[in-house]
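Shown here: structure_7.cif, mmCIF, C-alpha atoms and all ligand atoms.
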data_final
#
loop_
_atom_site.label_atom_id
_atom_site.label_comp_id
_atom_site.auth_asym_id
_atom_site.auth_seq_id
_atom_site.Cartn_x
_atom_site.Cartn_y
_atom_site.Cartn_z
CA MET A 1 16.09 -0.39 45.34
CA ASN A 2 18.42 0.66 48.15
CA THR A 3 17.14 2.85 50.97
CA ASN A 4 18.90 5.86 49.57
CA GLU A 5 17.01 5.62 46.28
CA GLU A 6 13.71 4.97 48.07
CA GLU A 7 14.33 8.03 50.20
CA LYS A 8 15.08 10.14 47.12
CA LYS A 9 11.91 8.93 45.35
CA LYS A 10 9.77 9.88 48.33
CA ASN A 11 10.93 13.46 47.95
CA VAL A 12 10.02 13.74 44.28
CA VAL A 13 6.89 15.76 43.56
CA ARG A 14 4.31 13.78 41.56
CA VAL A 15 1.91 15.64 39.30
CA GLU A 16 0.17 14.00 36.37
CA ALA A 17 0.25 15.54 32.92
CA SER A 18 -3.05 16.95 31.69
CA ARG A 19 -5.90 14.59 30.78
CA LYS A 20 -5.69 15.92 27.22
CA LEU A 21 -2.05 14.94 26.95
CA ARG A 22 -2.50 11.59 28.65
CA GLN A 23 -5.28 10.82 26.19
CA LEU A 24 -2.72 10.81 23.38
CA PRO A 25 -0.49 7.82 22.72
CA PRO A 26 3.26 8.47 22.33
CA TYR A 27 3.81 10.45 19.08
CA LEU A 28 4.00 8.07 16.13
CA PHE A 29 7.49 9.03 15.08
CA GLY A 30 8.71 8.94 18.65
CA ALA A 31 7.57 5.30 18.77
CA ILE A 32 9.34 4.56 15.48
CA ASP A 33 12.45 6.24 16.87
CA VAL A 34 12.45 3.82 19.81
CA LEU A 35 12.33 0.90 17.36
CA LYS A 36 15.15 2.44 15.33
CA ARG A 37 17.27 2.97 18.43
CA ASP A 38 16.76 -0.70 19.37
CA ALA A 39 17.80 -1.71 15.87
CA TYR A 40 20.94 0.46 16.02
CA ARG A 41 21.74 -1.02 19.43
CA LYS A 42 21.55 -4.48 17.91
CA LYS A 43 23.99 -3.20 15.25
CA LEU A 44 21.44 -3.64 12.46
CA ASP A 45 22.13 -1.65 9.31
CA VAL A 46 19.03 0.58 9.51
CA ILE A 47 17.34 1.83 6.33
CA ASP A 48 15.03 4.60 7.48
CA LEU A 49 11.91 4.99 5.36
CA GLY A 50 9.78 5.98 8.35
CA MET A 51 9.49 9.72 8.81
CA GLY A 52 8.84 12.23 5.98
CA ASN A 53 12.08 13.96 6.82
CA PRO A 54 13.80 15.10 3.59
CA ASP A 55 17.35 13.74 3.37
CA LEU A 56 18.38 16.09 0.55
CA PRO A 57 20.25 19.24 1.61
CA THR A 58 18.75 22.72 1.63
CA PRO A 59 19.87 24.40 -1.63
CA LYS A 60 23.15 26.28 -1.33
CA HIS A 61 21.85 29.75 -2.22
CA ILE A 62 19.37 29.54 0.68
CA VAL A 63 22.02 28.39 3.16
CA GLU A 64 24.34 31.17 1.97
CA ARG A 65 21.64 33.75 2.56
CA LEU A 66 21.29 32.53 6.15
CA CYS A 67 25.05 32.57 6.80
CA ASP A 68 25.50 36.03 5.33
CA THR A 69 22.56 37.43 7.28
CA VAL A 70 23.55 35.95 10.61
CA LEU A 71 27.14 37.07 10.20
CA ASN A 72 26.74 40.51 8.71
CA HIS A 73 23.37 41.77 9.91
CA PRO A 74 23.28 41.60 13.71
CA ASN A 75 20.04 43.57 13.76
CA THR A 76 18.39 40.31 12.65
CA HIS A 77 19.39 38.74 15.96
CA ARG A 78 16.69 40.60 17.85
CA TYR A 79 13.11 39.42 18.39
CA PRO A 80 11.38 39.16 15.03
CA GLN A 81 7.96 40.59 14.18
CA ALA A 82 5.67 37.78 15.37
CA LYS A 83 3.34 37.63 12.39
CA GLY A 84 6.26 37.80 9.95
CA MET A 85 8.29 40.74 8.64
CA PRO A 86 6.45 42.83 6.00
CA LYS A 87 8.88 41.67 3.28
CA PHE A 88 8.15 38.01 4.08
CA ARG A 89 4.38 38.55 4.00
CA LYS A 90 4.65 40.50 0.74
CA THR A 91 6.74 37.67 -0.77
CA VAL A 92 4.09 35.12 0.18
CA ALA A 93 1.31 37.30 -1.27
CA ASP A 94 3.31 37.70 -4.52
CA TRP A 95 3.95 33.93 -4.60
CA TYR A 96 0.20 33.25 -4.35
CA GLN A 97 -0.52 35.81 -7.06
CA LYS A 98 2.12 34.47 -9.43
CA ARG A 99 1.38 30.79 -8.91
CA TYR A 100 -2.35 30.68 -8.33
CA ALA A 101 -3.66 34.13 -9.33
CA VAL A 102 -4.81 34.55 -5.71
CA ASP A 103 -5.01 38.04 -4.18
CA LEU A 104 -3.87 38.19 -0.57
CA ASN A 105 -3.37 41.36 1.42
CA PRO A 106 0.11 41.00 3.00
CA GLU A 107 -1.06 43.14 5.92
CA ASN A 108 -3.79 40.87 7.26
CA GLU A 109 -4.20 37.83 5.01
CA VAL A 110 -0.73 36.29 5.43
CA MET A 111 1.27 35.22 8.48
CA SER A 112 4.58 33.45 8.98
CA LEU A 113 4.60 30.24 11.02
CA VAL A 114 7.26 28.35 12.94
CA GLY A 115 6.52 25.51 10.53
CA SER A 116 3.00 24.65 9.45
CA LYS A 117 2.66 22.04 12.21
CA GLU A 118 2.88 24.85 14.77
CA GLY A 119 0.28 26.90 12.90
CA ILE A 120 -2.16 24.00 12.65
CA ALA A 121 -1.90 23.15 16.36
CA HIS A 122 -2.32 26.80 17.32
CA MET A 123 -5.27 27.24 14.96
CA CYS A 124 -7.00 24.56 17.04
CA MET A 125 -6.11 26.34 20.29
CA ALA A 126 -7.29 29.66 18.86
CA TYR A 127 -10.73 28.34 17.94
CA LEU A 128 -11.68 25.41 20.13
CA ASP A 129 -13.40 25.25 23.48
CA PRO A 130 -13.67 21.93 25.32
CA GLY A 131 -15.95 19.55 23.47
CA ASP A 132 -15.98 21.44 20.15
CA THR A 133 -16.20 19.29 17.02
CA VAL A 134 -13.67 19.32 14.18
CA LEU A 135 -13.96 17.36 10.94
CA VAL A 136 -10.76 15.49 10.12
CA THR A 137 -9.94 12.87 7.56
CA ASN A 138 -8.93 9.47 8.83
CA PRO A 139 -6.11 8.64 8.14
CA CYS A 140 -4.50 12.07 8.41
CA TYR A 141 -1.23 13.84 9.21
CA PRO A 142 -1.23 13.41 13.03
CA VAL A 143 -1.43 17.06 14.10
CA HIS A 144 -4.77 17.52 12.30
CA ARG A 145 -6.30 15.16 14.86
CA ASP A 146 -3.96 15.52 17.83
CA GLY A 147 -3.99 19.32 17.63
CA VAL A 148 -7.76 19.12 18.09
CA ILE A 149 -7.46 16.80 21.09
CA LEU A 150 -4.77 18.94 22.71
CA ALA A 151 -7.03 21.96 22.37
CA GLY A 152 -9.82 20.06 24.13
CA GLY A 153 -11.82 19.49 20.94
CA VAL A 154 -13.32 16.31 19.57
CA PRO A 155 -12.27 15.08 16.12
CA TYR A 156 -15.02 13.65 13.91
CA ASP A 157 -13.60 11.16 11.42
CA MET A 158 -14.25 11.42 7.71
CA PRO A 159 -12.86 8.12 6.41
CA ILE A 160 -10.70 8.22 3.29
CA ASN A 161 -9.89 5.00 1.50
CA GLU A 162 -9.59 3.39 -1.91
CA ASP A 163 -13.38 3.31 -2.30
CA ASN A 164 -13.68 7.09 -2.20
CA ASN A 165 -10.32 7.77 -3.91
CA PHE A 166 -9.10 9.09 -0.55
CA ILE A 167 -11.48 12.06 -0.79
CA PRO A 168 -14.03 12.32 2.05
CA LYS A 169 -17.73 12.13 1.27
CA LEU A 170 -19.10 15.31 2.78
CA GLU A 171 -22.64 14.02 2.34
CA ASP A 172 -21.83 11.25 4.84
CA VAL A 173 -21.24 13.75 7.65
CA PRO A 174 -24.48 13.84 9.67
CA THR A 175 -26.14 17.27 9.55
CA ASP A 176 -26.05 17.74 13.34
CA VAL A 177 -22.30 17.01 13.35
CA ALA A 178 -21.68 19.38 10.43
CA ASN A 179 -23.74 22.08 12.14
CA ARG A 180 -21.73 21.94 15.34
CA ALA A 181 -18.28 21.54 13.68
CA LYS A 182 -16.08 24.63 13.91
CA LEU A 183 -13.14 23.59 11.73
CA MET A 184 -12.41 21.07 8.98
CA PHE A 185 -8.90 19.88 8.08
CA LEU A 186 -8.06 18.77 4.56
CA ASN A 187 -4.73 18.01 2.94
CA TYR A 188 -3.98 17.48 -0.77
CA PRO A 189 -1.51 16.22 -1.93
CA ASN A 190 -2.21 13.99 1.03
CA ASN A 191 -0.04 12.64 3.77
CA PRO A 192 -0.07 9.68 4.35
CA THR A 193 -2.05 8.37 1.34
CA ALA A 194 -0.29 10.45 -1.38
CA ALA A 195 -3.75 11.08 -2.90
CA VAL A 196 -4.21 14.21 -5.01
CA LEU A 197 -7.04 16.35 -6.33
CA GLU A 198 -6.98 16.54 -10.12
CA ASP A 199 -9.02 19.76 -10.20
CA THR A 200 -10.93 22.13 -7.94
CA ALA A 201 -14.30 20.30 -8.06
CA PHE A 202 -13.97 18.89 -4.53
CA PHE A 203 -12.87 22.24 -3.12
CA GLU A 204 -15.92 23.88 -4.71
CA LYS A 205 -18.13 21.41 -2.82
CA VAL A 206 -16.14 22.04 0.36
CA ILE A 207 -16.75 25.79 0.10
CA GLU A 208 -20.49 25.28 -0.29
CA PHE A 209 -20.53 22.81 2.61
CA ALA A 210 -18.53 25.18 4.80
CA ARG A 211 -20.92 28.04 4.03
CA ASP A 212 -23.98 25.90 4.69
CA HIS A 213 -22.67 24.71 8.06
CA ASN A 214 -20.53 27.65 9.16
CA ILE A 215 -17.20 25.80 9.28
CA ILE A 216 -13.69 27.21 8.82
CA VAL A 217 -11.78 25.15 6.25
CA CYS A 218 -8.08 24.61 6.99
CA HIS A 219 -6.28 23.24 3.97
CA ASP A 220 -2.77 21.88 4.48
CA PHE A 221 -0.78 22.36 1.26
CA ALA A 222 2.64 21.15 2.47
CA TYR A 223 3.28 19.01 -0.63
CA SER A 224 2.20 21.52 -3.31
CA ASP A 225 5.51 21.15 -5.12
CA ILE A 226 6.35 17.50 -4.71
CA THR A 227 4.35 16.39 -7.73
CA TYR A 228 5.18 14.19 -10.71
CA ASP A 229 4.56 13.70 -14.41
CA GLY A 230 2.97 17.09 -14.99
CA HIS A 231 0.41 16.79 -12.19
CA ARG A 232 -0.61 20.20 -10.82
CA SER A 233 -2.25 20.26 -7.40
CA PRO A 234 -4.77 23.06 -6.92
CA SER A 235 -4.48 25.54 -4.07
CA PHE A 236 -7.64 25.79 -1.97
CA LEU A 237 -7.35 29.58 -2.16
CA GLU A 238 -7.55 29.64 -5.96
CA VAL A 239 -11.20 28.58 -5.78
CA PRO A 240 -13.62 31.52 -5.78
CA GLY A 241 -15.06 32.07 -2.31
CA ALA A 242 -12.26 30.16 -0.51
CA LYS A 243 -11.09 33.21 1.45
CA ASP A 244 -14.63 33.60 2.83
CA VAL A 245 -14.52 30.20 4.45
CA GLY A 246 -10.95 29.33 5.24
CA VAL A 247 -7.19 29.37 5.18
CA GLU A 248 -4.33 27.41 3.66
CA PHE A 249 -1.25 26.29 5.57
CA HIS A 250 2.03 25.98 3.74
CA SER A 251 5.53 24.87 4.51
CA LEU A 252 9.02 25.33 3.14
CA SER A 253 10.07 22.04 4.73
CA LYS A 254 9.37 19.77 1.77
CA THR A 255 9.74 22.08 -1.24
CA TYR A 256 13.17 23.38 -0.24
CA ASN A 257 14.33 20.63 2.15
CA MET A 258 14.11 23.07 5.05
CA ALA A 259 12.38 20.80 7.58
CA GLY A 260 14.79 21.71 10.37
CA TRP A 261 14.58 25.44 9.74
CA ARG A 262 10.99 25.68 11.01
CA VAL A 263 9.39 28.08 8.60
CA GLY A 264 6.00 28.04 6.97
CA PHE A 265 3.07 30.37 6.40
CA VAL A 266 -0.68 30.61 6.36
CA GLY A 267 -2.81 32.63 3.97
CA GLY A 268 -6.54 33.22 3.75
CA GLY A 269 -9.45 35.19 5.19
CA SER A 270 -8.24 37.88 7.60
CA GLU A 271 -11.08 37.12 10.04
CA PHE A 272 -9.70 33.61 10.51
CA LEU A 273 -6.13 34.76 11.00
CA LYS A 274 -6.91 37.33 13.71
CA PRO A 275 -7.47 34.82 16.56
CA LEU A 276 -4.41 32.83 15.43
CA GLU A 277 -2.29 35.98 15.45
CA LYS A 278 -3.62 36.96 18.87
CA LEU A 279 -2.89 33.52 20.34
CA LYS A 280 0.59 33.38 18.84
CA SER A 281 1.37 36.84 20.15
CA TYR A 282 1.05 35.36 23.65
CA LEU A 283 3.02 32.20 22.88
CA ASP A 284 5.84 32.81 20.43
CA TYR A 285 7.88 35.49 18.74
CA GLY A 286 7.61 34.11 15.25
CA VAL A 287 10.38 32.97 12.93
CA PHE A 288 14.02 34.10 13.34
CA THR A 289 14.45 37.05 10.95
CA ALA A 290 17.48 35.49 9.23
CA ILE A 291 15.35 32.43 8.47
CA GLN A 292 12.54 34.61 7.13
CA LEU A 293 15.05 36.29 4.80
CA SER A 294 16.34 32.86 3.70
CA ALA A 295 12.74 31.75 3.07
CA ILE A 296 12.25 34.84 0.89
CA LYS A 297 15.36 33.80 -1.03
CA ALA A 298 13.87 30.31 -1.41
CA LEU A 299 10.52 31.54 -2.70
CA THR A 300 11.94 34.16 -5.06
CA GLY A 301 15.23 32.55 -6.13
CA PRO A 302 15.97 29.90 -8.76
CA GLN A 303 13.52 26.99 -8.67
CA ASP A 304 15.56 24.35 -10.49
CA CYS A 305 16.54 23.00 -7.05
CA VAL A 306 12.89 21.99 -6.54
CA ALA A 307 12.80 20.16 -9.86
CA GLU A 308 16.00 18.34 -8.88
CA SER A 309 14.57 17.11 -5.56
CA VAL A 310 11.38 15.99 -7.28
CA LYS A 311 13.43 14.12 -9.91
CA GLU A 312 15.44 12.38 -7.21
CA TYR A 313 12.33 11.34 -5.23
CA ARG A 314 10.73 10.01 -8.41
CA LYS A 315 13.82 7.98 -9.30
CA ARG A 316 13.69 6.36 -5.85
CA GLN A 317 9.93 5.76 -6.02
CA ILE A 318 10.24 4.07 -9.42
CA LYS A 319 13.06 1.85 -8.20
CA LEU A 320 11.07 0.88 -5.11
CA VAL A 321 7.68 0.37 -6.78
CA GLU A 322 9.15 -1.72 -9.62
CA GLY A 323 11.17 -3.75 -7.14
CA LEU A 324 8.23 -4.29 -4.76
CA ASN A 325 5.95 -5.46 -7.55
CA LYS A 326 8.65 -7.90 -8.68
CA ILE A 327 8.87 -9.46 -5.22
CA GLY A 328 5.10 -9.76 -4.98
CA TRP A 329 4.29 -6.73 -2.81
CA GLU A 330 1.83 -4.68 -4.81
CA ALA A 331 2.61 -0.97 -4.91
CA LYS A 332 1.61 1.95 -7.14
CA LEU A 333 3.43 5.12 -8.12
CA PRO A 334 1.66 8.17 -6.65
CA LYS A 335 1.17 11.50 -8.43
CA ALA A 336 2.65 13.49 -5.55
CA THR A 337 4.56 13.44 -2.23
CA MET A 338 7.64 11.44 -1.32
CA TYR A 339 5.48 8.62 0.07
CA LEU A 340 4.09 5.28 -1.01
CA TRP A 341 0.90 4.18 0.76
CA ILE A 342 0.93 0.42 0.48
CA ARG A 343 -1.35 -2.35 1.71
CA LEU A 344 0.53 -4.94 3.74
CA PRO A 345 1.91 -7.82 1.66
CA GLU A 346 -0.78 -10.46 1.08
CA ASN A 347 0.68 -13.03 3.45
CA PHE A 348 0.85 -10.43 6.27
CA ARG A 349 -2.69 -9.12 6.00
CA ASP A 350 -3.85 -10.69 9.26
CA MET A 351 -1.20 -8.77 11.13
CA PRO A 352 -1.83 -5.27 12.58
CA SER A 353 0.28 -2.65 10.78
CA LEU A 354 2.15 -1.70 13.97
CA GLU A 355 3.16 -5.30 14.59
CA PHE A 356 4.21 -5.55 10.94
CA ALA A 357 6.37 -2.41 11.21
CA GLU A 358 7.95 -3.71 14.43
CA LEU A 359 8.70 -7.11 12.93
CA LEU A 360 10.06 -5.51 9.76
CA ILE A 361 12.57 -3.34 11.58
CA GLU A 362 13.57 -6.13 13.95
CA GLU A 363 14.20 -8.60 11.14
CA THR A 364 15.46 -6.37 8.34
CA GLY A 365 16.47 -3.02 9.86
CA ILE A 366 13.97 -1.27 7.55
CA ALA A 367 11.83 1.40 9.25
CA VAL A 368 8.41 2.28 7.80
CA ALA A 369 5.42 4.09 9.34
CA PRO A 370 2.51 1.81 10.31
CA GLY A 371 -0.81 2.95 8.83
CA ILE A 372 -2.55 2.82 12.21
CA GLY A 373 -0.34 5.71 13.35
CA PHE A 374 -2.34 7.99 11.03
CA GLY A 375 -5.74 6.82 12.26
CA ALA A 376 -7.86 3.69 12.57
CA TYR A 377 -8.72 3.76 8.86
CA GLY A 378 -5.01 3.58 8.07
CA GLU A 379 -4.91 0.05 9.47
CA GLY A 380 -3.76 -2.53 6.94
CA TYR A 381 -1.31 -0.10 5.30
CA VAL A 382 2.20 1.18 5.76
CA ARG A 383 3.62 4.48 4.62
CA VAL A 384 7.05 4.33 3.04
CA ALA A 385 8.98 7.60 2.66
CA VAL A 386 11.69 7.63 0.00
CA VAL A 387 14.02 9.74 2.10
CA THR A 388 17.20 7.77 1.88
CA ASN A 389 19.97 7.53 -0.68
CA PHE A 390 19.06 5.82 -3.99
CA GLN A 391 21.83 3.23 -3.50
CA ARG A 392 20.06 1.91 -0.39
CA PHE A 393 16.93 0.78 -2.24
CA HIS A 394 18.63 -2.17 -3.91
CA ASP A 395 19.64 -3.47 -0.50
CA ALA A 396 16.21 -2.72 0.98
CA LEU A 397 14.53 -4.74 -1.77
CA LEU A 398 16.79 -7.74 -1.20
CA ARG A 399 15.92 -7.72 2.49
CA LEU A 400 12.20 -7.24 1.80
CA ARG A 401 12.18 -10.13 -0.67
CA GLU A 402 13.54 -12.45 1.99
CA PHE A 403 11.19 -11.08 4.63
CA ILE A 404 8.08 -11.59 2.47
CA ARG A 405 9.21 -15.02 1.30
CA LYS A 406 9.63 -16.12 4.89
CA GLY A 407 6.18 -14.78 5.83
CA PRO A 408 4.82 -14.07 9.31
CA PRO A 409 6.25 -16.01 12.27
C1 LIG B 501 0.71 17.20 5.61
C2 LIG B 501 1.76 17.85 6.41
N1 LIG B 501 1.55 19.06 6.93
C3 LIG B 501 2.47 19.69 7.67
C4 LIG B 501 3.69 19.09 7.92
C5 LIG B 501 4.67 19.80 8.82
O1 LIG B 501 5.35 20.75 8.12
P1 LIG B 501 6.28 21.81 8.86
O2 LIG B 501 7.67 21.29 8.80
O3 LIG B 501 6.08 23.06 8.07
O4 LIG B 501 5.80 21.96 10.26
C6 LIG B 501 3.97 17.83 7.41
C7 LIG B 501 5.25 17.19 7.71
O5 LIG B 501 5.48 16.04 7.46
C8 LIG B 501 2.99 17.20 6.64
O6 LIG B 501 3.18 15.98 6.14
#

Before we go any further, please render this structure as structure tokens.
Ligand SMILES: Cc1ncc(COP(=O)(O)O)c(C=O)c1O
Amino acid sequence: MNTNEEEKKKNVVRVEASRKLRQLPPYLFGAIDVLKRDAYRKKLDVIDLGMGNPDLPTPKHIVERLCDTVLNHPNTHRYPQAKGMPKFRKTVADWYQKRYAVDLNPENEVMSLVGSKEGIAHMCMAYLDPGDTVLVTNPCYPVHRDGVILAGGVPYDMPINEDNNFIPKLEDVPTDVANRAKLMFLNYPNNPTAAVLEDTAFFEKVIEFARDHNIIVCHDFAYSDITYDGHRSPSFLEVPGAKDVGVEFHSLSKTYNMAGWRVGFVGGGSEFLKPLEKLKSYLDYGVFTAIQLSAIKALTGPQDCVAESVKEYRKRQIKLVEGLNKIGWEAKLPKATMYLWIRLPENFRDMPSLEFAELLIEETGIAVAPGIGFGAYGEGYVRVAVVTNFQRFHDALLRLREFIRKGPP
């Protein structure tokens, strides 16, 4: 370092980020991005199956609604109504009624969100004081756990694995933990495991458990529509009594390929939404009105676009699962989501999943998400997202065959 640089460094203020933030490792997909960037730098032909970021375009009628609104309705350029415009909230309430026969009052039982990830993180901030306990599944979608930590809370792991069909055993939660827990996060269809609930039996138990222990249930329903072969995933809110104990978070990101638009919603008991609304009123202004209007178009317009996306994901999953099984890497078709949750190939099972994912991208250019990124109980697995063009899977399988044949270094 030359003296000039040293001098400059001396003048830089040094303040550490909060303990809460430092406690968290770099965000999983940020870490995968670094690996991808390295691979691009080395001029590898990257096949990105890492992040659950839909590659299919947002349907045209939704995009057109946005363009028309932005261009022709300048009044939409102003600050939006933070909890969502009345028409948006009414559309969500109607959607719940039509799809799940659930009654929601658009006035106080529905809110728009800047994506469900935002809503989940803010729900934690709205409810948690330092040291408060939250029940989370392990593995889980990262914000269910990290949102708790960032709010100063303490996640309590409910392991989900093949032995319990990826459904937590509520009876295994010690009574003292259950009694002090404030929130519980659940998510079916599940990310990362792609597990589903066939019926409402588990939710019925959850409602009883929540009542017994005074816990707010937060169900994340982001993959409600990415389901296959006639599987129907139940909404938490369709179960009698659900509104008395919790809320359901939803997203337009996956159903309508609107991940970048940042729009979702939450529905459920008004008591539980009040603190969230209050917190958000201090922090954000809600969703851009033109995007809310486009989301209304998505929810009320033609739905064949959803069926087309689902068909495309399934085609890719079938190609990949059949191909993987042929090359000796055991994989199963899930009933929902655009993911495969796969145990590491047999000859790699001594390797940590992160090391496996690193080696895989270095040697083949294929990016997957290591199971450990979703929690300690995700170790031994990788999550593969079928979010790249169908044509790429043939190539991916050829590279994987060679990689598995060669085995660990
Ligand atoms: C289970 C789950 N919930 C929420 C989200 C985030 O959705 P949004 O784009 O609405 O923030 C994701 C995104 O991958 C997810 O997998």

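Here the question is which of A:Leu293, A:Phe403, A:Met184, A:Asn191 gets nearest to Phe166 (chain A) using all atoms listed in the file, and that residue is A:Asn191.
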
Q. Do you know which residues are at most 10 Å from region 325-342 of chain A counting all atoms listed in the file, after dropping those on the same chain fewer than 5 positions away, and could you put them as a PyMOL selection string?
A. chain A and resi 49-54+188-198+222-233+254+309-310+312-314+316-318+320+347+369-371+378+380-387+397-398+400-402+404-405

Q) Pick the closest to ligand LIG 501 (chain B) from A:Ala298, A:Cys140, A:Leu35, A:Leu283: which is it, counting all atoms listed in the file? A) A:Cys140

Q | Environment of ligand LIG 501 (chain B) within 6 Å, counting all atoms listed in the file, reported as an MDAnalysis selection string | A | chainID A and resid 52 115:117 141 191 220 222 251 253 259 262 264

Q) From the set A:Lys60, A:Arg399, A:Lys274, A:His250, which residue has the shortest atom-to-atom contact distance to Gly119 (chain A), counting all atoms listed in the file? A) A:His250

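Distance annotation: of A:Pro155, A:Pro57, A:Pro26, A:Gly131, the residue with the minimal separation from Asn389 (chain A) is A:Pro57; atom set is only C-alpha atoms.
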
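Look at Leu24 (chain A): the protein and nucleic acid residues within 9 Å of it, using only C-alpha atoms and passing over chain neighbours fewer than 2 places away, are Arg19, Lys20, Leu21, Arg22, Pro26, Tyr27, Asp146, Ile149 and Leu150 of chain A.
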
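Here the question is which of A:Gly152, A:Gly268, A:Pro240, A:Gly286 gets nearest to Gly84 (chain A) using all atoms listed in the file, and that residue is A:Gly286.
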